[in-house]
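Below is one structure, written out as structure tokens; the observations come after it.
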Number of protein chains: 2
Amino acid sequence: MMEPPFLLFLADVQNALSAKPAIGLLHWRRENCIAQIRMPDCRVSTGLPDADYAEAVRRGAKTFVIGVTNAGGQLKTEWYPYILSAIDCGLDIANGMRDRLRDVTEIVAAANRTGVDLLDLRHADIPIPMASCRRRQGRRLLTVGTDCSCGKKFTALTISRDMKARGLDCTFRATGQTGIMISGAGLALDTIVGDCIAGGAELLSPDNKHDHWDVIEGQGSILHPAHAGVPLSLLHGSQPDAFVVCHEPTRRHMRGITHPVPPVAAVRDATERMGRLTNPNIRCVGISLNTSEFQGDIFQLKQQLHREHEVPVVDPVIEGTGDILNYMCSIGLLTG
Amino acid sequence: MMEPPFLLFLADVQNALSAKPAIGLLHWRRENCIAQIRMPDCRVSTGLPDADYAEAVRRGAKTFVIGVTNAGGQLKTEWYPYILSAIDCGLDIANGMRDRLRDVTEIVAAANRTGVDLLDLRHADIPIPMASCRRRQGRRLLTVGTDCSCGKKFTALTISRDMKARGLDCTFRATGQTGIMISGAGLALDTIVGDCIAGGAELLSPDNKHDHWDVIEGQGSILHPAHAGVPLSLLHGSQPDAFVVCHEPTRRHMRGITHPVPPVAAVRDATERMGRLTNPNIRCVGISLNTSEFQGDIFQLKQQLHREHEVPVVDPVIEGTGDILNYMCSIGLLTG
């Protein structure tokens with residue numbers, strides 16, 4: 001996978017959401033990120049120093065990471081000169097877009113010339129079977145959401161970090177490009193045909209030891225009308241024992257459409273109802289709030305959700321997910 | 001699309017279910033099917049005469065239809081000689097498998113030589129957008145199922161036929177290879193990435209006149225744990241006003257897995273709950289039974305389901321779907 005240290009390419013992005021992969025990498029692997037490269041019209045900064053290629057290589061950079069995302073997953077031709085310069089300096093290229101580096105003739109030719117690796121992380125390039133729907137050994141927790149981009153990956157990574165800190169045996173399982181960059185493994189579900197997504201989820205969290213936990217990054221929302229099939233198949237294939245509902249309380253509409261964001265209770269209810277099909281014991285173990293944009297009284301919001309749902313309500317950025325793990329201990333899902 | 005008359009290739013299939021496309025074509029377009037070609041170990045017959053290529057061409061055949069299906073959607077190399085012989089005789093080739101004729105060098109070379117068309121019907125080869133989730137004009141009916149292969153296509157085709165017989169303006173919308181072969185248009189949802197299936201369903205049933213009905217072929221089952229994401233996205237993208245639950249009452253397990261077939265009520269309930277997201281007025285207008293294997297008292301079974309659901313219960317093979325249309329009139333969904 002991606003060899004550190006990383007040089008983060010922010011391209012021409014205009015807002016932080018479009019730089020999710022770079023910002024995620026910086027948060028979770030700060031020690032591996034040494035500099036950023038931005039195009040003249042880029043409006044985002046990670047806070048890392050801007051470096052040129054030669055300087056980054058002198059400072060040890062091994063991989064040029066395309067740290068941005070866009071709706072179509074397109075590699076823009078305007079980026080090619082930057083990618084080619086990085087290749088010329090001997091850097092591997094890590095790409096999480098839907099478009100493949102391997103499909104661009106001049107990039108492949110340059111990589112062959114300098115002997116660097118082209119990593120198209122969004123494409124597993126392994127056959128994805130149909131789901132067997134067989135019960136697997138080991139424990140699983142899935143993060144689900146009231147919308148896209150509301151904290152599912154962050155919450156799963158935090159739970160995984162907090163479980164490890166308690167000496168528990170667990171693995172974060174990435175289902176999208178940023179999670180794959182951060183954890184170095186995973187399966188991007190958005191490049192798989194609909195029929196095989198549950199099968200992909202089965203591949204991602206195979207049989208394991210009885211007390212091992214897979215902490216699986218959720219995708220989208222089971223109540224997002226443009227994409228609900230993906231999270232439903234991920235739910236079925238993951239057969240989770242536990243799930244956490246992630247919610248961004250200030251958002252009025254689901255991303256890209258005019259439908260209102262559903263309440264936490266509706267997502268919890270749909271997840272429990274539909275999840276029972278592959279795990280009759282599925283249960284909600286917490287609510288994770290993304291309060292980065294929230295101007296009101298966070299304590300009051302948390303209390304209200306706690307009264308309604310009777311599970312811990314946390315902001316993982318502020319306080320971590322210890323309360324969720326304590327709750328899982330109290331109901332016998334976790335020991336220690 | 002496929003130019004008739006058709007020569008149906010049954011390959012080496014061992015059971016009727018694997019010859020679904022040929023049998024479907026024969027049922028719905030009998031006047032266009034003139035003969036069949038079978039490999040020596042084939043155990044299925046459509047009842048059409050076995051013909052050789054020259055004879056079929058003399059009788060006017062224009063298209064050699066690969067009339068079989070298999071789990072992986074694979075074009076088996078053992079079939080190539082048959083396909084090549086058909087091409088040599090000047091027949092177009094219609095293929096509903098996931099594998100493409102266009103990817104087989106020797107088949108492409110032969111087709112170029114004789115100037116015939118290679119039709120890879122399962123691949124739309126048009127960009128499928130993400131769903132907009134906008135409400136569209138016109139009416140829509142979707143068939144849904146308690147399992148795969150339980151009568152969803154047959155029911156939709158019958159409703160479409162019966163609506164037309166009453167002078168109603170309607171279009172059958174195919175979502176799988178056999179439906180596409182029968183109707184000459186459609187979109188095979190099982191080759192689309194999960195994120196875009198709702199978008200594909202929107203493309204398939206665009207804005208239309210107020211009183212026009214799209215009768216949409218359902219796929220799989222919203223309660224089939226290996227594939228539920230596809231029917232859920234089809235439901236959301238189709239935003240149906242009405243749905244019919246299709247059920248095969250003798251089946252114990254869902255196809256390919258050990259999960260029991262869910263009751264009609266569970267599928268109806270999940271379809272209503274999830275379908276309201278894109279059409280708050282969605283309602284069940286009938287139950288369609290596939291009684292081909294049923295040994296018991298059909299009348300009693302129908303009465304019991306009718307008492308429970310208070311909608312018409314029909315076997316479309318035996319009696320058509322007139323009762324469903326009458327019911328739609330009685331609740332104001334149809335006029336005339």
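If you're wondering about the labels, chains in the structure tokens are A, B, ... by order shown, residues count from 1 in each chain, ligands from 1 in order shown.
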Select, as a PyMOL selection string, those residues of chain B with any atom no more than 9 Å from chain A (distances computed using only C-alpha atoms). chain B and resi 130-134+189-199+223-234+236-237+256-259+270+273-274+277-278
Restricting the output to N, CA, C and O atoms, write the selected residues as a compact mmCIF listing (two decimals), in the first residue's frame.
```txt
# COMPACT_ATOMS: atom_id res chain seq x y z
N MET B 130 -26.11 9.97 -10.90
CA MET B 130 -26.68 9.79 -9.57
C MET B 130 -28.15 10.24 -9.65
O MET B 130 -28.50 11.09 -10.47
N ALA B 131 -28.97 9.72 -8.77
CA ALA B 131 -30.39 10.09 -8.78
C ALA B 131 -30.56 11.55 -8.33
O ALA B 131 -29.85 12.01 -7.44
N SER B 132 -31.51 12.23 -8.96
CA SER B 132 -31.83 13.60 -8.54
C SER B 132 -32.88 13.59 -7.43
O SER B 132 -33.03 14.53 -6.68
N CYS B 133 -33.67 12.52 -7.37
CA CYS B 133 -34.74 12.35 -6.37
C CYS B 133 -35.86 13.37 -6.55
O CYS B 133 -36.66 13.58 -5.63
N ARG B 134 -35.94 13.99 -7.69
CA ARG B 134 -37.01 14.92 -8.02
C ARG B 134 -38.27 14.12 -8.37
O ARG B 134 -38.18 13.07 -8.98
N LEU B 189 -30.18 -3.53 -14.47
CA LEU B 189 -29.66 -2.87 -13.27
C LEU B 189 -28.48 -3.60 -12.66
O LEU B 189 -27.72 -3.01 -11.90
N ASP B 190 -28.31 -4.87 -13.00
CA ASP B 190 -27.28 -5.64 -12.32
C ASP B 190 -25.88 -5.40 -12.88
O ASP B 190 -24.93 -6.06 -12.45
N THR B 191 -25.72 -4.47 -13.80
CA THR B 191 -24.37 -4.11 -14.24
C THR B 191 -24.02 -2.68 -13.82
O THR B 191 -23.02 -2.14 -14.27
N ILE B 192 -24.84 -2.09 -12.97
CA ILE B 192 -24.63 -0.69 -12.56
C ILE B 192 -24.05 -0.66 -11.15
O ILE B 192 -24.46 -1.43 -10.29
N VAL B 193 -23.09 0.25 -10.91
CA VAL B 193 -22.53 0.36 -9.55
C VAL B 193 -23.64 0.79 -8.60
O VAL B 193 -24.56 1.52 -8.98
N GLY B 194 -23.53 0.33 -7.35
CA GLY B 194 -24.59 0.50 -6.37
C GLY B 194 -25.09 1.93 -6.24
O GLY B 194 -26.30 2.19 -6.15
N ASP B 195 -24.17 2.88 -6.22
CA ASP B 195 -24.49 4.29 -6.05
C ASP B 195 -25.42 4.84 -7.12
O ASP B 195 -26.05 5.88 -6.90
N CYS B 196 -25.45 4.21 -8.29
CA CYS B 196 -26.16 4.79 -9.44
C CYS B 196 -27.43 4.04 -9.81
O CYS B 196 -28.06 4.35 -10.82
N ILE B 197 -27.84 3.05 -9.02
CA ILE B 197 -29.02 2.26 -9.40
C ILE B 197 -30.29 3.10 -9.33
O ILE B 197 -31.14 3.04 -10.23
N ALA B 198 -30.43 3.93 -8.30
CA ALA B 198 -31.61 4.80 -8.24
C ALA B 198 -31.60 5.77 -9.43
O ALA B 198 -32.64 6.06 -10.03
N GLY B 199 -30.42 6.24 -9.80
CA GLY B 199 -30.30 7.11 -10.97
C GLY B 199 -30.69 6.39 -12.24
O GLY B 199 -31.34 6.95 -13.13
N LEU B 223 -36.10 -8.02 0.88
CA LEU B 223 -35.74 -8.80 2.07
C LEU B 223 -34.80 -9.96 1.73
O LEU B 223 -34.65 -10.90 2.51
N HIS B 224 -34.15 -9.90 0.56
CA HIS B 224 -33.13 -10.91 0.23
C HIS B 224 -31.78 -10.35 0.68
O HIS B 224 -31.29 -9.37 0.12
N PRO B 225 -31.15 -10.99 1.69
CA PRO B 225 -29.97 -10.36 2.30
C PRO B 225 -28.75 -10.25 1.38
O PRO B 225 -27.85 -9.47 1.67
N ALA B 226 -28.71 -10.98 0.28
CA ALA B 226 -27.56 -10.86 -0.61
C ALA B 226 -27.70 -9.71 -1.61
O ALA B 226 -26.70 -9.25 -2.16
N HIS B 227 -28.92 -9.27 -1.87
CA HIS B 227 -29.13 -8.33 -2.98
C HIS B 227 -30.08 -7.19 -2.66
O HIS B 227 -30.45 -6.43 -3.56
N ALA B 228 -30.53 -7.03 -1.43
CA ALA B 228 -31.63 -6.10 -1.13
C ALA B 228 -31.38 -4.67 -1.56
O ALA B 228 -32.32 -3.92 -1.82
N GLY B 229 -30.11 -4.28 -1.66
CA GLY B 229 -29.81 -2.91 -2.05
C GLY B 229 -30.34 -2.57 -3.44
O GLY B 229 -30.76 -1.43 -3.68
N VAL B 230 -30.32 -3.53 -4.34
CA VAL B 230 -30.77 -3.26 -5.72
C VAL B 230 -32.28 -2.97 -5.74
O VAL B 230 -32.69 -1.92 -6.23
N PRO B 231 -33.13 -3.85 -5.19
CA PRO B 231 -34.56 -3.50 -5.18
C PRO B 231 -34.88 -2.24 -4.37
O PRO B 231 -35.81 -1.52 -4.72
N LEU B 232 -34.12 -1.97 -3.32
CA LEU B 232 -34.40 -0.74 -2.55
C LEU B 232 -34.12 0.49 -3.42
O LEU B 232 -34.93 1.42 -3.47
N SER B 233 -33.00 0.49 -4.13
CA SER B 233 -32.69 1.63 -4.99
C SER B 233 -33.65 1.73 -6.16
O SER B 233 -34.02 2.83 -6.58
N LEU B 234 -34.07 0.58 -6.67
CA LEU B 234 -35.07 0.58 -7.76
C LEU B 234 -36.39 1.18 -7.25
O LEU B 234 -37.04 1.97 -7.94
N HIS B 236 -36.75 3.36 -4.74
CA HIS B 236 -36.58 4.80 -4.55
C HIS B 236 -36.57 5.55 -5.88
O HIS B 236 -37.23 6.58 -6.04
N GLY B 237 -35.82 5.04 -6.85
CA GLY B 237 -35.73 5.73 -8.14
C GLY B 237 -37.02 5.67 -8.93
O GLY B 237 -37.33 6.57 -9.71
N GLY B 256 -30.42 -19.42 -3.51
CA GLY B 256 -28.98 -19.36 -3.30
C GLY B 256 -28.55 -19.27 -1.85
O GLY B 256 -27.36 -19.33 -1.57
N ILE B 257 -29.48 -19.14 -0.92
CA ILE B 257 -29.11 -18.99 0.50
C ILE B 257 -30.07 -19.82 1.36
O ILE B 257 -31.04 -20.38 0.86
N THR B 258 -29.78 -19.86 2.67
CA THR B 258 -30.61 -20.69 3.55
C THR B 258 -31.69 -19.89 4.28
O THR B 258 -32.45 -20.46 5.06
N HIS B 259 -31.74 -18.59 4.06
CA HIS B 259 -32.80 -17.78 4.70
C HIS B 259 -34.17 -18.21 4.17
O HIS B 259 -34.34 -18.41 2.97
N ALA B 270 -42.25 -3.60 4.29
CA ALA B 270 -40.95 -2.96 4.03
C ALA B 270 -41.03 -2.06 2.80
O ALA B 270 -40.44 -0.98 2.76
N ARG B 273 -42.97 1.14 3.80
CA ARG B 273 -42.16 1.99 4.69
C ARG B 273 -41.05 2.70 3.92
O ARG B 273 -40.85 3.90 4.06
N MET B 274 -40.28 1.91 3.15
CA MET B 274 -39.13 2.48 2.47
C MET B 274 -39.56 3.29 1.24
O MET B 274 -38.93 4.28 0.90
N LEU B 277 -40.42 7.26 1.12
CA LEU B 277 -39.36 8.27 1.06
C LEU B 277 -39.42 9.05 -0.25
O LEU B 277 -39.13 10.25 -0.27
N THR B 278 -39.76 8.39 -1.36
CA THR B 278 -39.82 9.12 -2.64
C THR B 278 -41.24 9.22 -3.17
O THR B 278 -41.46 9.93 -4.15
```
Nearby residues (only C-alpha atoms) at most 6 Å from region 45-57 of chain A, same-chain spacing under 4 positions excluded, as a list in words: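 In the requested form, the answer reads Ala35, Gln36, Ile37 and Ala61 of chain A.
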Pick out the closest residue to Met254 (chain A) from this set: A:Glu31, A:Asp147, A:Asp211, A:Glu106. Count only C-alpha atoms. A:Asp147
Using DSSP on the backbone, list every residue of region 9-168 of chain A that comes out as strand (DSSP E), and give them as an MDAnalysis selection string. chainID A and resid 9:11 33:38 63:66 92:95 118:120 139:145
Based on the selection just made, write N, CA, C and O atoms of those residues as a CSV table (one decimal), in the first residue's frame.
```
chain,number,residue,atom,x,y,z
A,9,PHE,N,-1.4,16.3,-2.3
A,9,PHE,CA,-1.8,17.2,-3.4
A,9,PHE,C,-3.3,17.7,-3.2
A,9,PHE,O,-4.2,16.8,-3.1
A,10,LEU,N,-3.5,19.0,-3.0
A,10,LEU,CA,-4.8,19.5,-2.8
A,10,LEU,C,-5.4,20.0,-4.1
A,10,LEU,O,-6.6,20.5,-4.0
A,11,ALA,N,-4.7,19.9,-5.2
A,11,ALA,CA,-5.3,20.3,-6.5
A,11,ALA,C,-5.9,21.7,-6.5
A,11,ALA,O,-5.3,22.6,-5.9
A,33,CYS,N,2.7,12.8,7.2
A,33,CYS,CA,2.4,13.9,6.2
A,33,CYS,C,3.4,15.0,6.4
A,33,CYS,O,3.5,15.6,7.4
A,34,ILE,N,4.2,15.3,5.3
A,34,ILE,CA,5.3,16.2,5.5
A,34,ILE,C,5.0,17.6,4.8
A,34,ILE,O,5.6,18.6,5.2
A,35,ALA,N,4.2,17.6,3.7
A,35,ALA,CA,4.0,18.9,3.0
A,35,ALA,C,2.8,18.8,2.1
A,35,ALA,O,2.3,17.7,1.9
A,36,GLN,N,2.4,19.9,1.6
A,36,GLN,CA,1.3,19.9,0.6
A,36,GLN,C,1.7,20.6,-0.7
A,36,GLN,O,2.7,21.4,-0.7
A,37,ILE,N,1.0,20.3,-1.7
A,37,ILE,CA,1.2,20.9,-3.0
A,37,ILE,C,-0.2,21.4,-3.5
A,37,ILE,O,-1.1,20.6,-3.5
A,38,ARG,N,-0.3,22.7,-3.8
A,38,ARG,CA,-1.6,23.3,-4.2
A,38,ARG,C,-1.5,24.0,-5.6
A,38,ARG,O,-0.4,24.6,-5.8
A,63,THR,N,5.4,9.1,-1.3
A,63,THR,CA,4.2,9.0,-2.1
A,63,THR,C,3.5,10.3,-2.2
A,63,THR,O,3.3,11.1,-1.2
A,64,PHE,N,3.1,10.6,-3.4
A,64,PHE,CA,2.3,11.8,-3.8
A,64,PHE,C,0.8,11.4,-3.7
A,64,PHE,O,0.4,10.5,-4.5
A,65,VAL,N,0.1,11.9,-2.7
A,65,VAL,CA,-1.3,11.5,-2.5
A,65,VAL,C,-2.3,12.5,-3.1
A,65,VAL,O,-2.2,13.7,-2.7
A,66,ILE,N,-3.1,12.0,-4.0
A,66,ILE,CA,-4.2,12.9,-4.5
A,66,ILE,C,-5.2,13.0,-3.4
A,66,ILE,O,-6.0,12.1,-3.2
A,92,ASP,N,5.8,7.6,-5.7
A,92,ASP,CA,4.6,6.8,-6.0
A,92,ASP,C,3.4,7.7,-6.0
A,92,ASP,O,3.4,8.8,-5.4
A,93,ILE,N,2.4,7.3,-6.8
A,93,ILE,CA,1.2,8.1,-6.8
A,93,ILE,C,0.0,7.3,-6.2
A,93,ILE,O,-0.2,6.2,-6.6
A,94,ALA,N,-0.7,7.9,-5.2
A,94,ALA,CA,-1.8,7.3,-4.6
A,94,ALA,C,-3.1,8.0,-5.0
A,94,ALA,O,-3.2,9.2,-4.8
A,95,ASN,N,-4.0,7.3,-5.6
A,95,ASN,CA,-5.2,7.9,-6.2
A,95,ASN,C,-6.5,7.2,-5.7
A,95,ASN,O,-6.6,6.0,-5.8
A,118,LEU,N,1.8,3.1,-9.3
A,118,LEU,CA,0.6,3.8,-9.4
A,118,LEU,C,-0.5,3.1,-8.6
A,118,LEU,O,-0.8,1.9,-8.9
A,119,LEU,N,-1.0,3.7,-7.6
A,119,LEU,CA,-1.9,3.0,-6.7
A,119,LEU,C,-3.4,3.5,-6.9
A,119,LEU,O,-3.7,4.7,-6.5
A,120,ASP,N,-4.2,2.8,-7.6
A,120,ASP,CA,-5.6,3.1,-7.8
A,120,ASP,C,-6.4,2.5,-6.7
A,120,ASP,O,-7.0,1.4,-6.8
A,139,ARG,N,-17.1,-10.4,16.2
A,139,ARG,CA,-18.0,-9.3,16.5
A,139,ARG,C,-17.9,-8.2,15.5
A,139,ARG,O,-16.7,-7.9,15.0
A,140,ARG,N,-18.9,-7.5,15.2
A,140,ARG,CA,-18.9,-6.4,14.3
A,140,ARG,C,-19.7,-5.2,14.7
A,140,ARG,O,-20.8,-5.3,15.3
A,141,LEU,N,-19.1,-4.0,14.5
A,141,LEU,CA,-19.8,-2.8,14.8
A,141,LEU,C,-19.8,-1.9,13.5
A,141,LEU,O,-18.8,-1.8,12.9
A,142,LEU,N,-21.0,-1.4,13.1
A,142,LEU,CA,-21.1,-0.6,11.9
A,142,LEU,C,-21.5,0.8,12.3
A,142,LEU,O,-22.4,1.0,13.1
A,143,THR,N,-20.9,1.8,11.7
A,143,THR,CA,-21.4,3.2,11.9
A,143,THR,C,-22.4,3.5,10.7
A,143,THR,O,-22.1,3.1,9.6
A,144,VAL,N,-23.5,4.1,11.1
A,144,VAL,CA,-24.5,4.4,10.0
A,144,VAL,C,-24.8,5.9,10.2
A,144,VAL,O,-24.4,6.5,11.1
A,145,GLY,N,-25.5,6.5,9.2
A,145,GLY,CA,-25.7,8.0,9.3
A,145,GLY,C,-27.0,8.4,8.9
A,145,GLY,O,-27.8,7.7,8.2
```
Contact residues around Ile107 (chain B) with only C-alpha atoms at 12 Å, ignoring same-chain residues under 6 positions, as a VMD selection string: chain B and resid 75 77 79 to 88 92 to 93 100 to 101 113 to 119
Who sits within 7 Å of Gln74 (chain A), only C-alpha atoms, same chain under 2 positions skipped, as a VMD selection string: chain A and resid 70 72 76 97 to 99
Got time to write the residues from that selection, N, CA, C and O atoms, as a PDB file, in the first residue's frame?
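Output below, filename result_13.pdb:
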```pdb
ATOM      1  N   ASN A  70     -14.211  14.491  -5.746  1.00  0.00           N
ATOM      2  CA  ASN A  70     -15.267  15.248  -6.438  1.00  0.00           C
ATOM      3  C   ASN A  70     -16.400  14.294  -6.782  1.00  0.00           C
ATOM      4  O   ASN A  70     -16.253  13.065  -6.657  1.00  0.00           O
ATOM      5  N   GLY A  72     -17.944  13.100  -9.439  1.00  0.00           N
ATOM      6  CA  GLY A  72     -17.806  12.025 -10.411  1.00  0.00           C
ATOM      7  C   GLY A  72     -16.610  11.127 -10.174  1.00  0.00           C
ATOM      8  O   GLY A  72     -16.446  10.119 -10.841  1.00  0.00           O
ATOM      9  N   LYS A  76      -8.900  15.059 -13.064  1.00  0.00           N
ATOM     10  CA  LYS A  76      -8.968  16.155 -14.043  1.00  0.00           C
ATOM     11  C   LYS A  76      -7.651  16.265 -14.824  1.00  0.00           C
ATOM     12  O   LYS A  76      -6.557  16.081 -14.253  1.00  0.00           O
ATOM     13  N   MET A  97      -9.551   8.374  -6.659  1.00  0.00           N
ATOM     14  CA  MET A  97     -10.654   8.723  -7.544  1.00  0.00           C
ATOM     15  C   MET A  97     -11.170   7.465  -8.247  1.00  0.00           C
ATOM     16  O   MET A  97     -10.508   6.448  -8.297  1.00  0.00           O
ATOM     17  N   ARG A  98     -12.377   7.619  -8.838  1.00  0.00           N
ATOM     18  CA  ARG A  98     -12.949   6.511  -9.605  1.00  0.00           C
ATOM     19  C   ARG A  98     -12.146   6.297 -10.894  1.00  0.00           C
ATOM     20  O   ARG A  98     -11.901   5.169 -11.308  1.00  0.00           O
ATOM     21  N   ASP A  99     -11.732   7.387 -11.549  1.00  0.00           N
ATOM     22  CA  ASP A  99     -10.853   7.271 -12.722  1.00  0.00           C
ATOM     23  C   ASP A  99      -9.524   6.665 -12.280  1.00  0.00           C
ATOM     24  O   ASP A  99      -9.029   6.956 -11.192  1.00  0.00           O
TER      25      ASP A  99
END
```
For Val313 (chain A), list every protein, DNA or RNA residue within 8 Å, evaluated using only C-alpha atoms, and leave out those in the same chain fewer than 2 positions away; present the list as a VMD selection string. chain A and resid 286 to 289 302 to 303 305 to 306 311 315 323 to 324
Please save all heavy atoms of the selected residues as a CSV table (one decimal), in the first residue's frame.
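Final output, saved to result-v1.csv:
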```csv
chain,number,residue,atom,x,y,z
A,286,GLY,N,-25.0,3.6,20.4
A,286,GLY,CA,-24.6,5.0,20.7
A,286,GLY,C,-25.0,5.9,19.5
A,286,GLY,O,-25.4,5.5,18.4
A,287,ILE,N,-25.0,7.2,19.8
A,287,ILE,CA,-25.2,8.3,18.8
A,287,ILE,C,-23.9,9.1,18.8
A,287,ILE,O,-23.4,9.5,19.8
A,287,ILE,CB,-26.4,9.1,19.1
A,287,ILE,CG1,-27.7,8.2,19.1
A,287,ILE,CG2,-26.6,10.3,18.2
A,287,ILE,CD1,-28.9,8.8,19.7
A,288,SER,N,-23.4,9.4,17.6
A,288,SER,CA,-22.2,10.2,17.4
A,288,SER,C,-22.6,11.5,16.7
A,288,SER,O,-23.1,11.5,15.6
A,288,SER,CB,-21.2,9.4,16.6
A,288,SER,OG,-20.1,10.2,16.4
A,289,LEU,N,-22.3,12.6,17.4
A,289,LEU,CA,-22.7,13.9,16.8
A,289,LEU,C,-21.5,14.6,16.2
A,289,LEU,O,-20.4,14.6,16.8
A,289,LEU,CB,-23.3,14.8,17.9
A,289,LEU,CG,-24.6,14.4,18.5
A,289,LEU,CD1,-25.0,15.4,19.6
A,289,LEU,CD2,-25.7,14.3,17.4
A,302,LYS,N,-27.4,16.9,23.5
A,302,LYS,CA,-27.0,15.5,23.8
A,302,LYS,C,-28.0,14.9,24.8
A,302,LYS,O,-28.4,13.7,24.7
A,302,LYS,CB,-25.6,15.5,24.4
A,302,LYS,CG,-24.5,15.7,23.3
A,302,LYS,CD,-23.1,16.0,23.9
A,302,LYS,CE,-22.6,14.8,24.6
A,302,LYS,NZ,-21.2,15.0,25.0
A,303,GLN,N,-28.4,15.7,25.8
A,303,GLN,CA,-29.4,15.2,26.8
A,303,GLN,C,-30.7,14.8,26.2
A,303,GLN,O,-31.3,13.8,26.5
A,303,GLN,CB,-29.6,16.4,27.8
A,303,GLN,CG,-28.6,16.3,29.0
A,303,GLN,CD,-29.3,16.9,30.2
A,303,GLN,OE1,-30.0,17.9,30.1
A,303,GLN,NE2,-29.0,16.3,31.4
A,305,LEU,N,-31.2,13.9,23.1
A,305,LEU,CA,-31.1,12.6,22.3
A,305,LEU,C,-30.9,11.4,23.2
A,305,LEU,O,-31.4,10.3,23.0
A,305,LEU,CB,-29.9,12.7,21.3
A,305,LEU,CG,-30.2,13.5,20.1
A,305,LEU,CD1,-28.8,13.9,19.4
A,305,LEU,CD2,-31.1,12.7,19.1
A,306,HIS,N,-30.2,11.6,24.4
A,306,HIS,CA,-30.0,10.6,25.3
A,306,HIS,C,-31.4,10.1,26.0
A,306,HIS,O,-31.6,9.0,26.1
A,306,HIS,CB,-29.0,11.0,26.4
A,306,HIS,CG,-28.8,9.9,27.5
A,306,HIS,ND1,-28.2,8.7,27.2
A,306,HIS,CD2,-29.2,9.9,28.8
A,306,HIS,CE1,-28.2,8.0,28.3
A,306,HIS,NE2,-28.8,8.7,29.2
A,311,VAL,N,-29.2,5.6,24.9
A,311,VAL,CA,-27.8,5.2,24.6
A,311,VAL,C,-26.9,6.4,24.8
A,311,VAL,O,-27.4,7.5,24.7
A,311,VAL,CB,-27.7,4.5,23.2
A,311,VAL,CG1,-28.5,3.3,23.1
A,311,VAL,CG2,-28.0,5.6,22.1
A,315,ASP,N,-19.7,13.4,21.1
A,315,ASP,CA,-19.0,14.0,20.0
A,315,ASP,C,-17.6,13.4,20.0
A,315,ASP,O,-16.8,13.8,20.9
A,315,ASP,CB,-19.0,15.6,20.1
A,315,ASP,CG,-18.3,16.2,19.0
A,315,ASP,OD1,-17.3,15.6,18.4
A,315,ASP,OD2,-18.6,17.3,18.6
A,323,ASP,N,-17.6,6.6,26.3
A,323,ASP,CA,-19.0,6.3,26.8
A,323,ASP,C,-19.7,5.2,26.1
A,323,ASP,O,-20.4,4.4,26.7
A,323,ASP,CB,-19.8,7.6,26.7
A,323,ASP,CG,-19.5,8.6,27.8
A,323,ASP,OD1,-18.6,8.3,28.7
A,323,ASP,OD2,-20.1,9.7,27.8
A,324,ILE,N,-19.4,5.1,24.7
A,324,ILE,CA,-20.0,4.0,24.0
A,324,ILE,C,-19.4,2.7,24.4
A,324,ILE,O,-20.2,1.7,24.6
A,324,ILE,CB,-19.8,4.3,22.4
A,324,ILE,CG1,-20.7,5.5,22.0
A,324,ILE,CG2,-20.2,3.1,21.6
A,324,ILE,CD1,-20.5,6.0,20.6
```
All alpha helix (DSSP H) positions in region 195-256 of chain A, as a list in words: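 Selection result, alpha helix (DSSP H) within region 195-256 of chain A: Ile197, Ala198, Gly199, Gly200, Ala201, Glu202, Leu203, Leu204, Gly229, Val230, Pro231, Leu232, Ser233, Leu234, Leu235, His236, Gly237 and Ser238 of chain A.
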Just to confirm, what's the straight-line distance from CA of Met39 (chain B) to CA of Leu17 (chain B) in Å (one decimal)?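 Computing it gives 16.9 Å between the two atoms.
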Would you list the contacts of Leu204 (chain A) as a VMD selection string, taking every protein, DNA or RNA residue within 8 Å and counting only C-alpha atoms, but skipping same-chain residues closer than 2 positions in sequence? chain A and resid 173 186 to 187 200 to 202 206
